[in-house]
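J.: Just entry.cif, nothing more (mmCIF, C-alpha atoms and all ligand atoms):
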data_input
loop_
_atom_site.group_PDB
_atom_site.id
_atom_site.type_symbol
_atom_site.label_atom_id
_atom_site.label_comp_id
_atom_site.auth_asym_id
_atom_site.auth_seq_id
_atom_site.Cartn_x
_atom_site.Cartn_y
_atom_site.Cartn_z
ATOM 1 C CA MET A 1 147.488 -40.317 -97.298
ATOM 2 C CA ILE A 2 146.286 -36.717 -97.477
ATOM 3 C CA ASN A 3 143.609 -36.281 -100.115
ATOM 4 C CA ASN A 4 143.967 -32.711 -101.399
ATOM 5 C CA LEU A 5 142.670 -33.078 -104.971
ATOM 6 C CA PRO A 6 140.387 -35.318 -107.033
ATOM 7 C CA VAL A 7 142.062 -38.341 -108.632
ATOM 8 C CA LYS A 8 140.253 -40.930 -110.705
ATOM 9 C CA THR A 9 141.908 -44.327 -111.171
ATOM 10 C CA LEU A 10 141.499 -46.927 -113.906
ATOM 11 C CA LYS A 11 143.382 -50.175 -114.350
ATOM 12 C CA HIS A 12 144.022 -51.436 -117.878
ATOM 13 C CA GLY A 13 146.073 -54.640 -118.032
ATOM 14 C CA GLU A 14 149.405 -53.915 -116.394
ATOM 15 C CA LEU A 15 148.874 -50.180 -116.475
ATOM 16 C CA THR A 16 147.290 -48.015 -113.809
ATOM 17 C CA ILE A 17 146.009 -44.663 -115.012
ATOM 18 C CA GLU A 18 145.474 -41.970 -112.404
ATOM 19 C CA GLY A 19 144.428 -38.415 -113.067
ATOM 20 C CA TYR A 20 142.025 -35.590 -113.458
ATOM 21 C CA SER A 21 141.501 -33.259 -116.383
ATOM 22 C CA ARG A 22 138.936 -30.538 -116.990
ATOM 23 C CA ALA A 23 139.552 -27.648 -119.381
ATOM 24 C CA ALA A 24 140.568 -24.418 -117.650
ATOM 25 C CA VAL A 25 140.472 -26.147 -114.239
ATOM 26 C CA GLN A 26 143.446 -28.478 -113.932
ATOM 27 C CA THR A 27 145.078 -31.420 -115.660
ATOM 28 C CA TYR A 28 147.390 -34.050 -114.195
ATOM 29 C CA TRP A 29 148.036 -37.720 -114.990
ATOM 30 C CA ARG A 30 150.257 -40.322 -113.416
ATOM 31 C CA PHE A 31 151.242 -43.905 -114.258
ATOM 32 C CA PRO A 32 152.859 -45.559 -111.229
ATOM 33 C CA GLU A 33 154.207 -48.608 -113.117
ATOM 34 C CA LEU A 34 155.913 -46.370 -115.682
ATOM 35 C CA LYS A 35 157.192 -44.040 -112.941
ATOM 36 C CA LEU A 36 156.157 -40.928 -114.875
ATOM 37 C CA GLY A 37 153.452 -38.315 -115.075
ATOM 38 C CA PHE A 38 152.004 -35.870 -117.589
ATOM 39 C CA ASP A 39 151.187 -32.232 -116.801
ATOM 40 C CA LEU A 40 151.328 -30.350 -113.527
ATOM 41 C CA GLY A 41 148.092 -28.357 -113.477
ATOM 42 C CA ALA A 42 147.814 -29.340 -109.817
ATOM 43 C CA GLN A 43 149.674 -31.833 -107.688
ATOM 44 C CA PRO A 44 147.829 -34.410 -105.601
ATOM 45 C CA TRP A 45 149.830 -35.183 -102.479
ATOM 46 C CA SER A 46 149.959 -38.851 -103.527
ATOM 47 C CA PHE A 47 151.753 -37.979 -106.799
ATOM 48 C CA MET A 48 154.801 -36.473 -105.091
ATOM 49 C CA GLY A 49 156.845 -39.699 -105.184
ATOM 50 C CA THR A 50 156.901 -39.728 -109.000
ATOM 51 C CA GLU A 51 160.080 -37.969 -110.073
ATOM 52 C CA THR A 52 159.793 -37.729 -113.868
ATOM 53 C CA TRP A 53 157.221 -35.471 -115.523
ATOM 54 C CA PHE A 54 156.379 -34.319 -119.017
ATOM 55 C CA VAL A 55 154.528 -31.039 -119.496
ATOM 56 C CA THR A 56 152.574 -30.493 -122.725
ATOM 57 C CA HIS A 57 152.354 -26.681 -122.760
ATOM 58 C CA GLY A 58 152.489 -23.522 -120.719
ATOM 59 C CA HIS A 59 148.801 -22.924 -119.986
ATOM 60 C CA LEU A 60 148.286 -22.471 -116.261
ATOM 61 C CA ASP A 61 145.921 -25.413 -115.862
ATOM 62 C CA HIS A 62 148.740 -27.698 -117.088
ATOM 63 C CA ILE A 63 151.814 -26.177 -115.416
ATOM 64 C CA VAL A 64 150.998 -23.976 -112.422
ATOM 65 C CA ALA A 65 151.697 -26.610 -109.738
ATOM 66 C CA LEU A 66 155.306 -27.093 -110.812
ATOM 67 C CA PRO A 67 156.793 -24.884 -108.040
ATOM 68 C CA VAL A 68 154.612 -26.531 -105.375
ATOM 69 C CA TYR A 69 155.639 -29.998 -106.514
ATOM 70 C CA VAL A 70 159.351 -29.121 -106.515
ATOM 71 C CA ALA A 71 159.098 -27.504 -103.075
ATOM 72 C CA ARG A 72 157.284 -30.500 -101.586
ATOM 73 C CA ARG A 73 159.914 -32.936 -102.811
ATOM 74 C CA ARG A 74 162.646 -30.785 -101.303
ATOM 75 C CA MET A 75 160.767 -30.508 -98.017
ATOM 76 C CA MET A 76 160.359 -34.295 -97.921
ATOM 77 C CA LYS A 77 164.111 -34.732 -98.672
ATOM 78 C CA MET A 78 163.437 -36.459 -101.995
ATOM 79 C CA THR A 79 165.802 -36.120 -104.985
ATOM 80 C CA PRO A 80 165.235 -33.117 -107.295
ATOM 81 C CA PRO A 81 162.726 -34.108 -110.001
ATOM 82 C CA VAL A 82 163.322 -34.138 -113.749
ATOM 83 C CA ILE A 83 160.688 -32.229 -115.715
ATOM 84 C CA TYR A 84 160.649 -32.260 -119.516
ATOM 85 C CA MET A 85 158.858 -29.263 -121.008
ATOM 86 C CA PRO A 86 158.561 -27.417 -124.337
ATOM 87 C CA ALA A 87 161.803 -25.456 -124.866
ATOM 88 C CA GLU A 88 159.835 -22.162 -124.946
ATOM 89 C CA THR A 89 158.589 -22.656 -121.391
ATOM 90 C CA ILE A 90 161.952 -23.231 -119.695
ATOM 91 C CA GLU A 91 163.193 -19.663 -119.260
ATOM 92 C CA PRO A 92 159.897 -18.205 -118.012
ATOM 93 C CA MET A 93 159.567 -21.076 -115.528
ATOM 94 C CA GLN A 94 163.148 -20.592 -114.267
ATOM 95 C CA LYS A 95 162.300 -16.933 -113.619
ATOM 96 C CA ILE A 96 159.102 -17.887 -111.813
ATOM 97 C CA LEU A 97 161.031 -20.339 -109.631
ATOM 98 C CA ARG A 98 163.570 -17.615 -108.739
ATOM 99 C CA GLN A 99 160.738 -15.269 -107.748
ATOM 100 C CA PHE A 100 159.157 -17.940 -105.579
ATOM 101 C CA THR A 101 162.509 -18.555 -103.933
ATOM 102 C CA LYS A 102 162.605 -14.837 -103.070
ATOM 103 C CA LEU A 103 159.125 -15.001 -101.544
ATOM 104 C CA ASP A 104 159.548 -18.282 -99.770
ATOM 105 C CA ARG A 105 163.318 -18.243 -99.070
ATOM 106 C CA GLY A 106 163.376 -21.928 -99.957
ATOM 107 C CA ARG A 107 165.458 -23.406 -102.759
ATOM 108 C CA LEU A 108 163.521 -25.081 -105.580
ATOM 109 C CA PRO A 109 165.905 -27.751 -106.885
ATOM 110 C CA CYS A 110 164.805 -29.425 -110.121
ATOM 111 C CA GLU A 111 166.061 -30.252 -113.555
ATOM 112 C CA LEU A 112 163.991 -28.564 -116.272
ATOM 113 C CA LYS A 113 164.816 -30.198 -119.582
ATOM 114 C CA PRO A 114 163.857 -28.523 -122.883
ATOM 115 C CA ILE A 115 162.200 -30.777 -125.439
ATOM 116 C CA ALA A 116 160.857 -30.356 -128.968
ATOM 117 C CA ALA A 117 158.926 -32.432 -131.500
ATOM 118 C CA GLY A 118 161.081 -35.297 -132.776
ATOM 119 C CA ASP A 119 163.011 -35.800 -129.521
ATOM 120 C CA GLU A 120 163.338 -39.222 -127.970
ATOM 121 C CA ILE A 121 163.966 -39.749 -124.292
ATOM 122 C CA GLU A 122 165.218 -43.093 -123.017
ATOM 123 C CA LEU A 123 163.770 -43.590 -119.576
ATOM 124 C CA SER A 124 165.130 -47.129 -119.245
ATOM 125 C CA ARG A 125 166.103 -50.063 -121.421
ATOM 126 C CA GLU A 126 162.435 -50.908 -121.830
ATOM 127 C CA LEU A 127 160.806 -47.477 -122.003
ATOM 128 C CA ILE A 128 161.229 -44.666 -124.488
ATOM 129 C CA VAL A 129 159.196 -41.487 -124.752
ATOM 130 C CA SER A 130 158.895 -39.827 -128.135
ATOM 131 C CA VAL A 131 157.875 -36.191 -128.308
ATOM 132 C CA VAL A 132 155.445 -35.151 -131.044
ATOM 133 C CA GLY A 133 154.078 -31.826 -132.248
ATOM 134 C CA THR A 134 150.457 -30.939 -131.488
ATOM 135 C CA ARG A 135 148.320 -27.895 -132.451
ATOM 136 C CA HIS A 136 147.238 -25.500 -129.772
ATOM 137 C CA THR A 137 147.308 -21.719 -129.208
ATOM 138 C CA VAL A 138 150.747 -21.844 -127.559
ATOM 139 C CA PRO A 139 153.738 -24.116 -128.289
ATOM 140 C CA SER A 140 152.486 -27.584 -127.363
ATOM 141 C CA LEU A 141 153.687 -31.180 -127.443
ATOM 142 C CA GLY A 142 152.244 -34.660 -127.123
ATOM 143 C CA PHE A 143 153.929 -37.821 -125.857
ATOM 144 C CA ILE A 144 154.088 -41.465 -126.874
ATOM 145 C CA VAL A 145 155.550 -44.007 -124.469
ATOM 146 C CA TRP A 146 157.057 -47.010 -126.262
ATOM 147 C CA GLU A 147 157.855 -50.416 -124.862
ATOM 148 C CA ARG A 148 161.152 -51.632 -126.270
ATOM 149 C CA ARG A 149 162.197 -55.263 -126.477
ATOM 150 C CA ARG A 150 164.860 -57.184 -128.313
ATOM 151 C CA LYS A 151 163.637 -60.098 -130.388
ATOM 152 C CA LEU A 152 165.488 -62.888 -132.136
ATOM 153 C CA ARG A 153 165.761 -62.214 -135.866
ATOM 154 C CA PRO A 154 163.272 -64.370 -137.827
ATOM 155 C CA GLU A 155 166.030 -66.095 -139.815
ATOM 156 C CA TYR A 156 167.469 -67.512 -136.535
ATOM 157 C CA GLN A 157 164.118 -68.608 -135.107
ATOM 158 C CA ASP A 158 164.701 -72.364 -135.618
ATOM 159 C CA LEU A 159 168.289 -72.485 -134.314
ATOM 160 C CA SER A 160 169.276 -74.011 -130.984
ATOM 161 C CA GLY A 161 170.546 -71.945 -128.075
ATOM 162 C CA ASP A 162 174.132 -73.127 -128.762
ATOM 163 C CA GLN A 163 173.951 -72.152 -132.426
ATOM 164 C CA ILE A 164 172.632 -68.719 -131.527
ATOM 165 C CA ARG A 165 175.392 -68.267 -128.977
ATOM 166 C CA ASP A 166 178.023 -69.203 -131.585
ATOM 167 C CA LEU A 167 176.573 -66.719 -134.056
ATOM 168 C CA ARG A 168 176.621 -64.026 -131.402
ATOM 169 C CA LEU A 169 180.211 -64.825 -130.427
ATOM 170 C CA ALA A 170 181.176 -64.612 -134.112
ATOM 171 C CA GLY A 171 179.965 -61.018 -134.049
ATOM 172 C CA ASN A 172 176.523 -61.426 -135.662
ATOM 173 C CA GLU A 173 173.597 -59.298 -134.580
ATOM 174 C CA VAL A 174 171.122 -62.058 -133.695
ATOM 175 C CA SER A 175 168.311 -59.885 -132.413
ATOM 176 C CA HIS A 176 166.546 -56.731 -133.487
ATOM 177 C CA GLU A 177 164.661 -54.041 -131.663
ATOM 178 C CA ILE A 178 160.869 -54.106 -131.442
ATOM 179 C CA ARG A 179 158.887 -51.129 -130.230
ATOM 180 C CA LYS A 180 155.246 -51.036 -129.289
ATOM 181 C CA PRO A 181 153.354 -47.864 -128.427
ATOM 182 C CA LEU A 182 151.987 -48.449 -124.960
ATOM 183 C CA LEU A 183 150.555 -45.071 -124.060
ATOM 184 C CA ALA A 184 149.868 -41.890 -126.014
ATOM 185 C CA TYR A 185 148.941 -38.531 -124.564
ATOM 186 C CA LEU A 186 147.653 -35.814 -126.871
ATOM 187 C CA GLY A 187 147.442 -32.947 -124.382
ATOM 188 C CA ASP A 188 145.517 -29.916 -125.664
ATOM 189 C CA SER A 189 145.254 -29.973 -129.441
ATOM 190 C CA SER A 190 143.052 -29.701 -132.479
ATOM 191 C CA PRO A 191 142.505 -33.053 -134.281
ATOM 192 C CA ALA A 192 145.601 -32.415 -136.422
ATOM 193 C CA GLY A 193 147.628 -33.419 -133.365
ATOM 194 C CA LEU A 194 146.261 -36.947 -133.782
ATOM 195 C CA ASP A 195 146.359 -37.049 -137.572
ATOM 196 C CA ASP A 196 149.976 -35.822 -137.725
ATOM 197 C CA ASN A 197 151.085 -38.574 -135.356
ATOM 198 C CA PRO A 198 149.531 -41.897 -136.455
ATOM 199 C CA ALA A 199 151.167 -43.798 -133.550
ATOM 200 C CA MET A 200 148.583 -42.050 -131.355
ATOM 201 C CA TYR A 201 145.913 -44.222 -133.016
ATOM 202 C CA GLU A 202 147.990 -47.373 -132.439
ATOM 203 C CA ALA A 203 148.953 -47.009 -128.793
ATOM 204 C CA LYS A 204 147.425 -49.535 -126.417
ATOM 205 C CA VAL A 205 146.015 -46.653 -124.369
ATOM 206 C CA LEU A 206 145.286 -43.211 -125.805
ATOM 207 C CA ILE A 207 144.479 -40.240 -123.620
ATOM 208 C CA CYS A 208 142.717 -37.859 -125.955
ATOM 209 C CA GLU A 209 141.348 -34.443 -125.304
ATOM 210 C CA LEU A 210 137.636 -33.922 -125.889
ATOM 211 C CA THR A 211 136.871 -30.395 -124.775
ATOM 212 C CA PHE A 212 133.570 -29.808 -126.613
ATOM 213 C CA VAL A 213 130.584 -32.090 -127.125
ATOM 214 C CA ALA A 214 127.518 -29.894 -127.771
ATOM 215 C CA PRO A 215 126.216 -29.941 -131.369
ATOM 216 C CA ASP A 216 125.801 -26.157 -131.469
ATOM 217 C CA HIS A 217 129.493 -25.423 -130.883
ATOM 218 C CA ARG A 218 131.213 -24.370 -134.076
ATOM 219 C CA ARG A 219 133.991 -26.719 -135.006
ATOM 220 C CA ASP A 220 136.081 -24.236 -137.006
ATOM 221 C CA LYS A 221 136.284 -22.037 -133.915
ATOM 222 C CA ILE A 222 137.137 -24.978 -131.686
ATOM 223 C CA HIS A 223 139.954 -26.055 -133.998
ATOM 224 C CA LYS A 224 141.272 -22.491 -134.134
ATOM 225 C CA PHE A 225 141.528 -22.522 -130.347
ATOM 226 C CA GLY A 226 143.408 -25.827 -130.531
ATOM 227 C CA HIS A 227 140.785 -28.191 -129.175
ATOM 228 C CA MET A 228 138.602 -31.094 -130.258
ATOM 229 C CA HIS A 229 134.883 -31.644 -130.662
ATOM 230 C CA LEU A 230 132.959 -34.906 -130.322
ATOM 231 C CA ASP A 231 132.276 -34.868 -134.091
ATOM 232 C CA ASP A 232 136.050 -35.052 -134.691
ATOM 233 C CA ILE A 233 136.129 -38.386 -132.865
ATOM 234 C CA VAL A 234 133.019 -39.655 -134.673
ATOM 235 C CA GLU A 235 134.616 -38.783 -138.030
ATOM 236 C CA ARG A 236 137.752 -40.743 -137.145
ATOM 237 C CA ARG A 237 136.081 -43.682 -135.465
ATOM 238 C CA ASP A 238 137.637 -46.259 -137.824
ATOM 239 C CA ARG A 239 141.142 -44.998 -137.176
ATOM 240 C CA PHE A 240 141.275 -45.742 -133.466
ATOM 241 C CA GLN A 241 143.030 -49.096 -133.024
ATOM 242 C CA ASN A 242 143.597 -48.474 -129.325
ATOM 243 C CA GLU A 243 142.430 -50.953 -126.700
ATOM 244 C CA LEU A 244 141.336 -48.001 -124.601
ATOM 245 C CA VAL A 245 140.551 -44.417 -125.604
ATOM 246 C CA ILE A 246 140.222 -42.071 -122.660
ATOM 247 C CA ALA A 247 138.344 -38.882 -123.514
ATOM 248 C CA ALA A 248 139.263 -36.135 -121.080
ATOM 249 C CA HIS A 249 139.645 -32.361 -120.624
ATOM 250 C CA LEU A 250 135.910 -31.719 -120.965
ATOM 251 C CA SER A 251 134.781 -28.136 -120.775
ATOM 252 C CA THR A 252 133.397 -26.995 -117.440
ATOM 253 C CA ARG A 253 130.311 -25.651 -119.208
ATOM 254 C CA TYR A 254 128.923 -29.204 -119.410
ATOM 255 C CA HIS A 255 127.386 -31.209 -116.625
ATOM 256 C CA SER A 256 128.641 -34.822 -116.524
ATOM 257 C CA LYS A 257 125.122 -36.054 -117.365
ATOM 258 C CA THR A 258 125.001 -33.871 -120.477
ATOM 259 C CA VAL A 259 128.382 -35.188 -121.631
ATOM 260 C CA ARG A 260 127.332 -38.815 -121.169
ATOM 261 C CA ALA A 261 124.035 -38.248 -123.004
ATOM 262 C CA LEU A 262 125.605 -36.451 -125.976
ATOM 263 C CA VAL A 263 128.470 -38.916 -126.323
ATOM 264 C CA SER A 264 126.252 -42.001 -126.158
ATOM 265 C CA LYS A 265 123.978 -40.440 -128.770
ATOM 266 C CA ALA A 266 126.846 -39.734 -131.190
ATOM 267 C CA LEU A 267 128.761 -42.938 -130.427
ATOM 268 C CA PRO A 268 126.159 -45.456 -129.176
ATOM 269 C CA ASP A 269 128.702 -48.303 -129.107
ATOM 270 C CA MET A 270 131.355 -46.109 -127.415
ATOM 271 C CA LEU A 271 133.930 -47.268 -130.012
ATOM 272 C CA ASP A 272 133.002 -50.912 -129.374
ATOM 273 C CA GLY A 273 133.205 -50.286 -125.667
ATOM 274 C CA ARG A 274 136.781 -49.002 -125.843
ATOM 275 C CA MET A 275 136.007 -45.372 -125.134
ATOM 276 C CA HIS A 276 136.045 -44.196 -121.548
ATOM 277 C CA LEU A 277 134.857 -40.747 -120.500
ATOM 278 C CA TRP A 278 137.091 -39.310 -117.793
ATOM 279 C CA LEU A 279 134.446 -37.641 -115.663
HETATM 280 ZN ZN ZN A 301 143.959 -27.404 -121.105
HETATM 281 ZN ZN ZN A 302 145.775 -25.322 -123.185
#
Take the structure in the file and give it back as structure tokens.
Ligand SMILES: [Zn+2]
Ligand SMILES: [Zn+2]

T.:
Amino acid sequence: MINNLPVKTLKHGELTIEGYSRAAVQTYWRFPELKLGFDLGAQPWSFMGTETWFVTHGHLDHIVALPVYVARRRMMKMTPPVIYMPAETIEPMQKILRQFTKLDRGRLPCELKPIAAGDEIELSRELIVSVVGTRHTVPSLGFIVWERRRKLRPEYQDLSGDQIRDLRLAGNEVSHEIRKPLLAYLGDSSPAGLDDNPAMYEAKVLICELTFVAPDHRRDKIHKFGHMHLDDIVERRDRFQNELVIAAHLSTRYHSKTVRALVSKALPDMLDGRMHLWL
């Protein structure tokens, strides 16, 4: 496999998390078992086979590789991908694709689907993506992937298989839907993006932005620019119920060593070992 871009991989239970994210550089994530990815700031060659993507916002470091990705899939004779993006970004991106087609004389077949906060997308019987509002300097969205199962209603728990079948045949609804948040992705946002969407704190895995960590960076400014500071995580430490909190999108002004030192000083237990710095 051609290795054209950095990709870090982490396995958590059944879920494989692959990606890279540094502020102003590039952001991309992929989850092979879920057959979906978040953001197209660049496109590792190995990600091409994933045909469903969700884009958080229109900043270049989250969207600029979209034409390249679409072109590669066409070149490799793969089906046109489906890309869900904030409604505001659709028309500009369609224009960009037309301009690239002029330059390149190659078609760029893809389905760009407009989404907004409150939307729900059924990817399969078991997987649903809900779209939530986040707070950034341009229209921005976050995503929560839910696992859906049907479970026998508690009042029927002690019945035999035959009895349940009879109830079902008589037209009774014997089961009900259960949803569990499996994966949450904040994208670029001030902390309000977490607080407005409590399921983010409950997802098994949360991918959270953490752009700033230095104590001398003013938090009011950071929030105004739609980002998060380490102190925002420290303040909320009791809210995170996640099994794994991935902190990503660190500013390029910090060396990895500096990030690790500042984070372990502010959060010596790393959220009881659940926090993982994506460096
Ligand atoms: Zn960004
Ligand atoms: Zn951004």

J.: May I ask you to write as a count of residues only all residues lying at most 12 Å from ligand ZN 302 (chain A), with only C-alpha atoms and all ligand atoms counted?

T.: 40

J.: Evaluate the PyMOL selection byres (((chain A and resi 276) around 9) and not hetatm) here and jot the selected residues down as number ranges by chain.

T.: A: 244-248, 270, 273-275, 277-279

J.: Carefully work through the PyMOL selection byres (((chain A and resi 111) around 9) and not hetatm) for this structure and note down the residues it includes, as a PyMOL selection string.

T.: chain A and resi 80-84+109-110+112-113

J.: Which one of A:Leu123, A:Val205, A:Asp272, A:Asp195 sits closest to Thr16 (chain A) if you count all atoms listed in the file?

T.: A:Val205

J.: Could you spell out the hits of the PyMOL selection byres (((chain A and resi 180) around 12) and not hetatm) on the shown file, as a PyMOL selection string?

T.: chain A and resi 126-130+144-150+177-179+181-184+199-200+202-205+242

J.: Between A:Leu40, A:Ala266, A:Val174, A:Leu103, which residue has the minimum interatomic distance to ligand ZN 301 (chain A), considering all atoms listed in the file?

T.: A:Leu40

J.: Measuring between all atoms listed in the file, which one of A:Leu210, A:Ile17, A:Met93, A:Lys11 shows the shortest distance to ligand ZN 301 (chain A)?

T.: A:Leu210

J.: Under the rule that only C-alpha atoms are counted, which of A:His229, A:Arg237, A:Arg30, A:Arg107 is the nearest residue to Val68 (chain A)?

T.: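 Closest candidate: A:Arg107.
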
J.: What are the centre and the three edge lengths of an axis-aligned box that wraps all atoms of region 193-196 of chain A in the file, given that 8 Å is added to every side, written as lines of an AutoDock Vina configuration file and rounded to one decimal in Å?

T.:
center_x = 148.1
center_y = -35.2
center_z = -135.5
size_x = 19.7
size_y = 19.6
size_z = 20.4

J.: Would you please work out which residue, of A:Gly118, A:Val64, A:Leu10, A:Arg72, is nearest to ligand ZN 301 (chain A) when using only C-alpha atoms and all ligand atoms?

T.: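 Using only C-alpha atoms and all ligand atoms, ligand ZN 301 (chain A) sits closest to A:Val64.
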
J.: If you measure from CA of Asn4 (chain A) to CA of Pro32 (chain A), what distance in Å do you get, rounded to one decimal?

T.: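 These two atoms are separated by 18.5 Å.
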
J.: Counting all atoms listed in the file, which residue out of A:Thr89, A:Pro215, A:Ile96, A:Tyr28 sits closest to ligand ZN 301 (chain A)?

T.: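 Under the stated criterion, the closest residue is A:Tyr28.
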